[in-house]
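**Q** Right, I'll just put the structure down here and ask away after.
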2 protein chains.
Amino acid sequence: MFHILLALADKERHGYHIMREVEERTGGNVKLGPGTLYGSIKRMIGDGLIEELEERPAPDVDDERRRYYRLTDFGYRVASAEAQRLEHLVRSARAKKLLPRTKAG
Amino acid sequence: MFHILLALADKERHGYHIMREVEERTGGNVKLGPGTLYGSIKRMIGDGLIEELEERPAPDVDDERRRYYRLTDFGYRVASAEAQRLEHLVRSARAKKLLPRTKAG
DNA sequence: GCCTACTATATCGCCGCTCGATATAGTTGC
DNA sequence: GCAACTATATCGAGCGGCGATATAGTAGGC
């Protein structure tokens, strides 16, 4: 779910584009299957985290099948809060010496 | 689960001690209920992440009921790997401007 | 012409983890 | 006598992720 929020944080994307963004960003370590992806999208729309766009891109670059999504303000705040939560976890891990090369932890 | 690994990363602890360590470390934001705690411990022993100590502490500071646990080498490696995974997520979140005060990210 | 791979969306059921509720039981303090 | 704390344990509900499966159009190789 957080991966989907991350993928939509910088710009709107359609489902398949989210899948590829996650795979690229993680160097292939995280792969979203269609079950995870479209199931999550459905739930996240219901939760008000993301919304589907009405507007279509220019017809010459469009694909009818695509459905575009973007973060809502609420989704953005949830993503930020989650990112901060993870940051705290990472700091704790540094303090417990679970991570190498501490600059300031 | 990661919270339990974190709690045991610096020293061995008994179950209730893990509960309090997590609550203190997170400033009360994360509270492990007994269901999560003892269910996780059971599973994590089965997975070889943690192990129960045979030795008891000095009788004058001991409580018979307590059961002490520590990380195995495998558990330590899993905790490190997970910490690195989270670190990558945090870096991505920084790159997408979901986190304030970027020094280098 | 046929097969494979890619783009794109969608549903289903299983499984693993977390959580709250509940139980037990001894100790301390009011 | 009662509430709060220490300490462990089990159970069932619920949520989220995942693999499998389905549909369907397009592109490329042979």
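Letters A, B, ... go to the chains of the structure tokens in the order shown; residues in each chain start at 1; ligands are counted from 1 in the same order.
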Going by DSSP on the backbone, which residues of chain B come out as alpha helix (DSSP H)? List them as a tab-separated table (two decimals) with N, CA and C atoms, in the first residue's frame.
**A**
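After the write, result-v1.tsv holds the following:
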```
chain	number	residue	atom	x	y	z
B	2	PHE	N	8.90	-6.78	13.58
B	2	PHE	CA	10.15	-6.02	13.55
B	2	PHE	C	10.40	-5.33	14.89
B	3	HIS	N	9.35	-4.86	15.53
B	3	HIS	CA	9.49	-4.24	16.85
B	3	HIS	C	10.07	-5.22	17.87
B	4	ILE	N	9.66	-6.47	17.78
B	4	ILE	CA	10.19	-7.47	18.70
B	4	ILE	C	11.66	-7.74	18.40
B	5	LEU	N	12.00	-7.81	17.12
B	5	LEU	CA	13.40	-7.98	16.75
B	5	LEU	C	14.23	-6.81	17.28
B	6	LEU	N	13.70	-5.59	17.11
B	6	LEU	CA	14.40	-4.40	17.61
B	6	LEU	C	14.61	-4.47	19.12
B	7	ALA	N	13.55	-4.87	19.81
B	7	ALA	CA	13.62	-4.91	21.28
B	7	ALA	C	14.68	-5.88	21.77
B	8	LEU	N	14.88	-6.96	21.00
B	8	LEU	CA	15.85	-7.98	21.41
B	8	LEU	C	17.24	-7.75	20.81
B	9	ALA	N	17.38	-6.70	20.00
B	9	ALA	CA	18.64	-6.50	19.28
B	9	ALA	C	19.79	-6.16	20.22
B	15	GLY	N	9.16	-11.59	27.84
B	15	GLY	CA	8.03	-11.10	27.07
B	15	GLY	C	7.49	-9.75	27.51
B	16	TYR	N	7.19	-9.64	28.76
B	16	TYR	CA	6.62	-8.39	29.28
B	16	TYR	C	7.59	-7.22	29.11
B	17	HIS	N	8.86	-7.54	29.23
B	17	HIS	CA	9.90	-6.52	29.06
B	17	HIS	C	9.90	-6.01	27.61
B	18	ILE	N	9.70	-6.91	26.67
B	18	ILE	CA	9.61	-6.53	25.25
B	18	ILE	C	8.45	-5.54	25.05
B	19	MET	N	7.30	-5.89	25.65
B	19	MET	CA	6.12	-5.04	25.58
B	19	MET	C	6.44	-3.61	26.01
B	20	ARG	N	7.11	-3.50	27.16
B	20	ARG	CA	7.38	-2.17	27.70
B	20	ARG	C	8.43	-1.43	26.86
B	21	GLU	N	9.44	-2.18	26.39
B	21	GLU	CA	10.49	-1.55	25.58
B	21	GLU	C	9.88	-0.92	24.33
B	22	VAL	N	8.98	-1.65	23.68
B	22	VAL	CA	8.34	-1.14	22.46
B	22	VAL	C	7.52	0.11	22.79
B	23	GLU	N	6.79	0.05	23.87
B	23	GLU	CA	5.93	1.18	24.24
B	23	GLU	C	6.77	2.42	24.58
B	24	GLU	N	7.87	2.20	25.31
B	24	GLU	CA	8.75	3.32	25.66
B	24	GLU	C	9.43	3.90	24.43
B	25	ARG	N	10.00	3.02	23.63
B	25	ARG	CA	10.77	3.46	22.47
B	25	ARG	C	9.92	4.27	21.50
B	34	PRO	N	-1.10	-8.65	24.24
B	34	PRO	CA	-0.58	-9.99	24.50
B	34	PRO	C	-0.76	-10.93	23.31
B	35	GLY	N	-1.84	-10.75	22.58
B	35	GLY	CA	-2.07	-11.59	21.40
B	35	GLY	C	-0.94	-11.47	20.41
B	36	THR	N	-0.60	-10.24	20.05
B	36	THR	CA	0.49	-9.99	19.10
B	36	THR	C	1.80	-10.52	19.66
B	37	LEU	N	2.07	-10.16	20.91
B	37	LEU	CA	3.35	-10.48	21.51
B	37	LEU	C	3.62	-11.99	21.58
B	38	TYR	N	2.77	-12.70	22.28
B	38	TYR	CA	3.07	-14.11	22.50
B	38	TYR	C	2.84	-14.96	21.27
B	39	GLY	N	1.88	-14.53	20.44
B	39	GLY	CA	1.69	-15.21	19.16
B	39	GLY	C	2.93	-15.05	18.29
B	40	SER	N	3.48	-13.84	18.24
B	40	SER	CA	4.66	-13.58	17.43
B	40	SER	C	5.87	-14.35	17.94
B	41	ILE	N	6.05	-14.33	19.27
B	41	ILE	CA	7.18	-15.04	19.88
B	41	ILE	C	7.16	-16.51	19.48
B	42	LYS	N	5.99	-17.09	19.59
B	42	LYS	CA	5.84	-18.51	19.24
B	42	LYS	C	6.26	-18.77	17.80
B	43	ARG	N	5.74	-17.94	16.90
B	43	ARG	CA	6.05	-18.10	15.49
B	43	ARG	C	7.52	-17.86	15.23
B	44	MET	N	8.07	-16.83	15.87
B	44	MET	CA	9.46	-16.46	15.61
B	44	MET	C	10.44	-17.52	16.12
B	45	ILE	N	10.07	-18.20	17.20
B	45	ILE	CA	10.89	-19.32	17.64
B	45	ILE	C	10.86	-20.43	16.60
B	46	GLY	N	9.64	-20.69	16.10
B	46	GLY	CA	9.48	-21.71	15.05
B	46	GLY	C	10.28	-21.37	13.79
B	73	ASP	N	21.54	-15.75	15.45
B	73	ASP	CA	22.32	-15.10	14.39
B	73	ASP	C	21.44	-14.83	13.18
B	74	PHE	N	20.61	-15.82	12.87
B	74	PHE	CA	19.68	-15.69	11.75
B	74	PHE	C	18.73	-14.52	11.99
B	75	GLY	N	18.19	-14.43	13.20
B	75	GLY	CA	17.29	-13.34	13.54
B	75	GLY	C	17.95	-11.98	13.40
B	76	TYR	N	19.22	-11.93	13.76
B	76	TYR	CA	19.97	-10.68	13.64
B	76	TYR	C	20.12	-10.28	12.18
B	77	ARG	N	20.41	-11.27	11.35
B	77	ARG	CA	20.55	-10.97	9.91
B	77	ARG	C	19.23	-10.53	9.31
B	78	VAL	N	18.14	-11.20	9.71
B	78	VAL	CA	16.82	-10.82	9.21
B	78	VAL	C	16.48	-9.39	9.63
B	79	ALA	N	16.79	-9.06	10.89
B	79	ALA	CA	16.52	-7.71	11.39
B	79	ALA	C	17.32	-6.67	10.61
B	80	SER	N	18.58	-6.99	10.32
B	80	SER	CA	19.41	-6.07	9.54
B	80	SER	C	18.86	-5.87	8.14
B	81	ALA	N	18.49	-6.97	7.52
B	81	ALA	CA	17.95	-6.90	6.16
B	81	ALA	C	16.68	-6.06	6.12
B	82	GLU	N	15.84	-6.28	7.11
B	82	GLU	CA	14.59	-5.54	7.18
B	82	GLU	C	14.85	-4.05	7.42
B	83	ALA	N	15.84	-3.76	8.27
B	83	ALA	CA	16.19	-2.36	8.53
B	83	ALA	C	16.67	-1.68	7.26
B	84	GLN	N	17.46	-2.41	6.47
B	84	GLN	CA	17.94	-1.84	5.21
B	84	GLN	C	16.80	-1.62	4.22
B	85	ARG	N	15.86	-2.56	4.22
B	85	ARG	CA	14.69	-2.42	3.35
B	85	ARG	C	13.92	-1.14	3.72
B	86	LEU	N	13.73	-0.93	5.01
B	86	LEU	CA	13.01	0.26	5.47
B	86	LEU	C	13.78	1.53	5.12
B	87	GLU	N	15.11	1.43	5.22
B	87	GLU	CA	15.93	2.59	4.90
B	87	GLU	C	15.74	3.00	3.43
B	88	HIS	N	15.68	2.01	2.56
B	88	HIS	CA	15.44	2.30	1.15
B	88	HIS	C	14.09	2.99	0.95
B	89	LEU	N	13.09	2.51	1.68
B	89	LEU	CA	11.76	3.11	1.59
B	89	LEU	C	11.80	4.57	2.02
B	90	VAL	N	12.50	4.82	3.12
B	90	VAL	CA	12.60	6.20	3.63
B	90	VAL	C	13.30	7.09	2.61
B	91	ARG	N	14.37	6.56	1.98
B	91	ARG	CA	15.07	7.32	0.96
B	91	ARG	C	14.15	7.66	-0.21
B	92	SER	N	13.36	6.68	-0.62
B	92	SER	CA	12.40	6.93	-1.70
B	92	SER	C	11.42	8.01	-1.30
B	93	ALA	N	10.95	7.91	-0.05
B	93	ALA	CA	9.98	8.90	0.43
B	93	ALA	C	10.60	10.29	0.43
B	94	ARG	N	11.90	10.38	0.78
B	94	ARG	CA	12.58	11.67	0.75
B	94	ARG	C	12.67	12.20	-0.66
B	95	ALA	N	13.03	11.31	-1.58
B	95	ALA	CA	13.16	11.70	-2.98
B	95	ALA	C	11.84	12.22	-3.52
```
**Q** Please, which residues of region 4-93 of chain B, numbered as in this document, come out strand (DSSP E or B) from DSSP, as a ChimeraX atom specification?
**A** /B:13-14,50-52,68-71
**Q** Could you please take those selected residues and save N, CA and C atoms as a tab-separated table (two decimals), in the first residue's frame?
**A**
```
chain	number	residue	atom	x	y	z
B	13	ARG	N	15.60	-10.31	26.63
B	13	ARG	CA	14.49	-9.78	27.42
B	13	ARG	C	13.42	-10.84	27.57
B	14	HIS	N	12.61	-10.69	28.61
B	14	HIS	CA	11.43	-11.55	28.72
B	14	HIS	C	10.24	-10.84	28.08
B	50	ILE	N	14.37	-16.18	16.98
B	50	ILE	CA	14.73	-15.98	18.38
B	50	ILE	C	14.77	-17.33	19.09
B	51	GLU	N	15.37	-17.35	20.27
B	51	GLU	CA	15.42	-18.59	21.03
B	51	GLU	C	15.26	-18.28	22.50
B	52	GLU	N	14.74	-19.26	23.23
B	52	GLU	CA	14.54	-19.06	24.66
B	52	GLU	C	15.82	-19.45	25.40
B	68	TYR	N	12.86	-15.86	29.13
B	68	TYR	CA	13.77	-14.93	28.46
B	68	TYR	C	14.07	-15.37	27.04
B	69	TYR	N	14.20	-14.37	26.15
B	69	TYR	CA	14.47	-14.64	24.73
B	69	TYR	C	15.62	-13.79	24.24
B	70	ARG	N	16.31	-14.29	23.20
B	70	ARG	CA	17.34	-13.50	22.54
B	70	ARG	C	17.30	-13.78	21.05
B	71	LEU	N	17.91	-12.88	20.28
B	71	LEU	CA	18.00	-13.08	18.84
B	71	LEU	C	18.97	-14.21	18.53
```
**Q** Chain A residues within 6 Å of chain B, counting only C-alpha atoms: which ones, as a list in words?
**A**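 Every residue of chain A that passes the 6 Å test is in Asp10, Ser80, Lys96 and Leu98 of chain A.
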**Q** Could you write out that same residue set with N, CA and C atoms as an mmCIF file, in the first residue's frame?
**A**
```cif
data_model
loop_
_atom_site.group_PDB
_atom_site.id
_atom_site.type_symbol
_atom_site.label_atom_id
_atom_site.label_comp_id
_atom_site.auth_asym_id
_atom_site.auth_seq_id
_atom_site.Cartn_x
_atom_site.Cartn_y
_atom_site.Cartn_z
ATOM 1 N N ASP A 10 4.631 11.650 -6.759
ATOM 2 C CA ASP A 10 5.179 12.706 -7.615
ATOM 3 C C ASP A 10 4.292 13.052 -8.806
ATOM 4 N N SER A 80 2.891 10.843 4.179
ATOM 5 C CA SER A 80 3.897 11.554 4.972
ATOM 6 C C SER A 80 4.016 10.965 6.367
ATOM 7 N N LYS A 96 20.363 0.670 17.563
ATOM 8 C CA LYS A 96 20.605 -0.707 18.013
ATOM 9 C C LYS A 96 21.686 -1.382 17.178
ATOM 10 N N LEU A 98 21.856 -2.033 13.987
ATOM 11 C CA LEU A 98 21.428 -2.976 12.957
ATOM 12 C C LEU A 98 21.771 -2.460 11.567
#
```
**Q** Just to confirm, what's the straight-line distance from CA of Glu12 (chain B) to CA of Arg67 (chain B) in Å (one decimal)?
**A**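 Interatomic distance, CA of Glu12 (chain B) to CA of Arg67 (chain B): 10.2 Å.
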**Q** Go through chain D residue by residue and, counting only C-alpha atoms (C1' of nucleotides), keep those with an atom at most 9 Å from chain A; for each kept residue give the shortest atom pair and its distance in Å to one decimal, ordered by chain and increasing number, as a tab-separated table.
**A**
```
residue	atom	partner	partner_atom	distance
D:DG16	C1'	A:Ser40	CA	8.3
D:DG17	C1'	A:Thr36	CA	5.9
D:DC18	C1'	A:Thr36	CA	6.7
D:DG19	C1'	A:Gly33	CA	7.9
```
**Q** Could you list the residues in chain C lying within 12 Å of chain B, using only C-alpha atoms (C1' of nucleotides), and format the result as a PyMOL selection string?
**A** chain C and resi 16-23+25-27
**Q** Using C-alpha atoms (C1' of nucleotides), can you export the residues from the last selection as a JSON list (two decimals), in the first residue's frame?
**A**
```json
[["chain", "number", "residue", "atom", "x", "y", "z"],
["C", 16, "DG", "C1'", -0.13, -14.70, 7.47],
["C", 17, "DC", "C1'", -0.01, -11.20, 10.78],
["C", 18, "DT", "C1'", -2.09, -8.11, 14.19],
["C", 19, "DC", "C1'", -5.38, -7.08, 17.46],
["C", 20, "DG", "C1'", -8.84, -7.09, 21.12],
["C", 21, "DA", "C1'", -10.99, -10.03, 24.32],
["C", 22, "DT", "C1'", -10.51, -13.35, 27.63],
["C", 23, "DA", "C1'", -8.21, -16.29, 31.04],
["C", 25, "DA", "C1'", -2.37, -16.09, 38.79],
["C", 26, "DG", "C1'", 0.65, -13.89, 42.09],
["C", 27, "DT", "C1'", 1.91, -9.18, 44.25]]
```
**Q** Which residue gives the smallest distance to DG25 (chain D) among A:Glu64, A:Gly48, A:Leu53, A:Gly28, with only C-alpha atoms (C1' of nucleotides) counted?
**A**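 For DG25 (chain D), the nearest of the candidates is A:Glu64.
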**Q** Which residues are close to Asp63 (chain A), i.e. within 10 Å by only C-alpha atoms (C1' of nucleotides), leaving aside same-chain residues fewer than 5 positions away? Reply as an MDAnalysis selection string.
**A** (chainID A and resid 56:58) or (chainID C and resid 7:8)
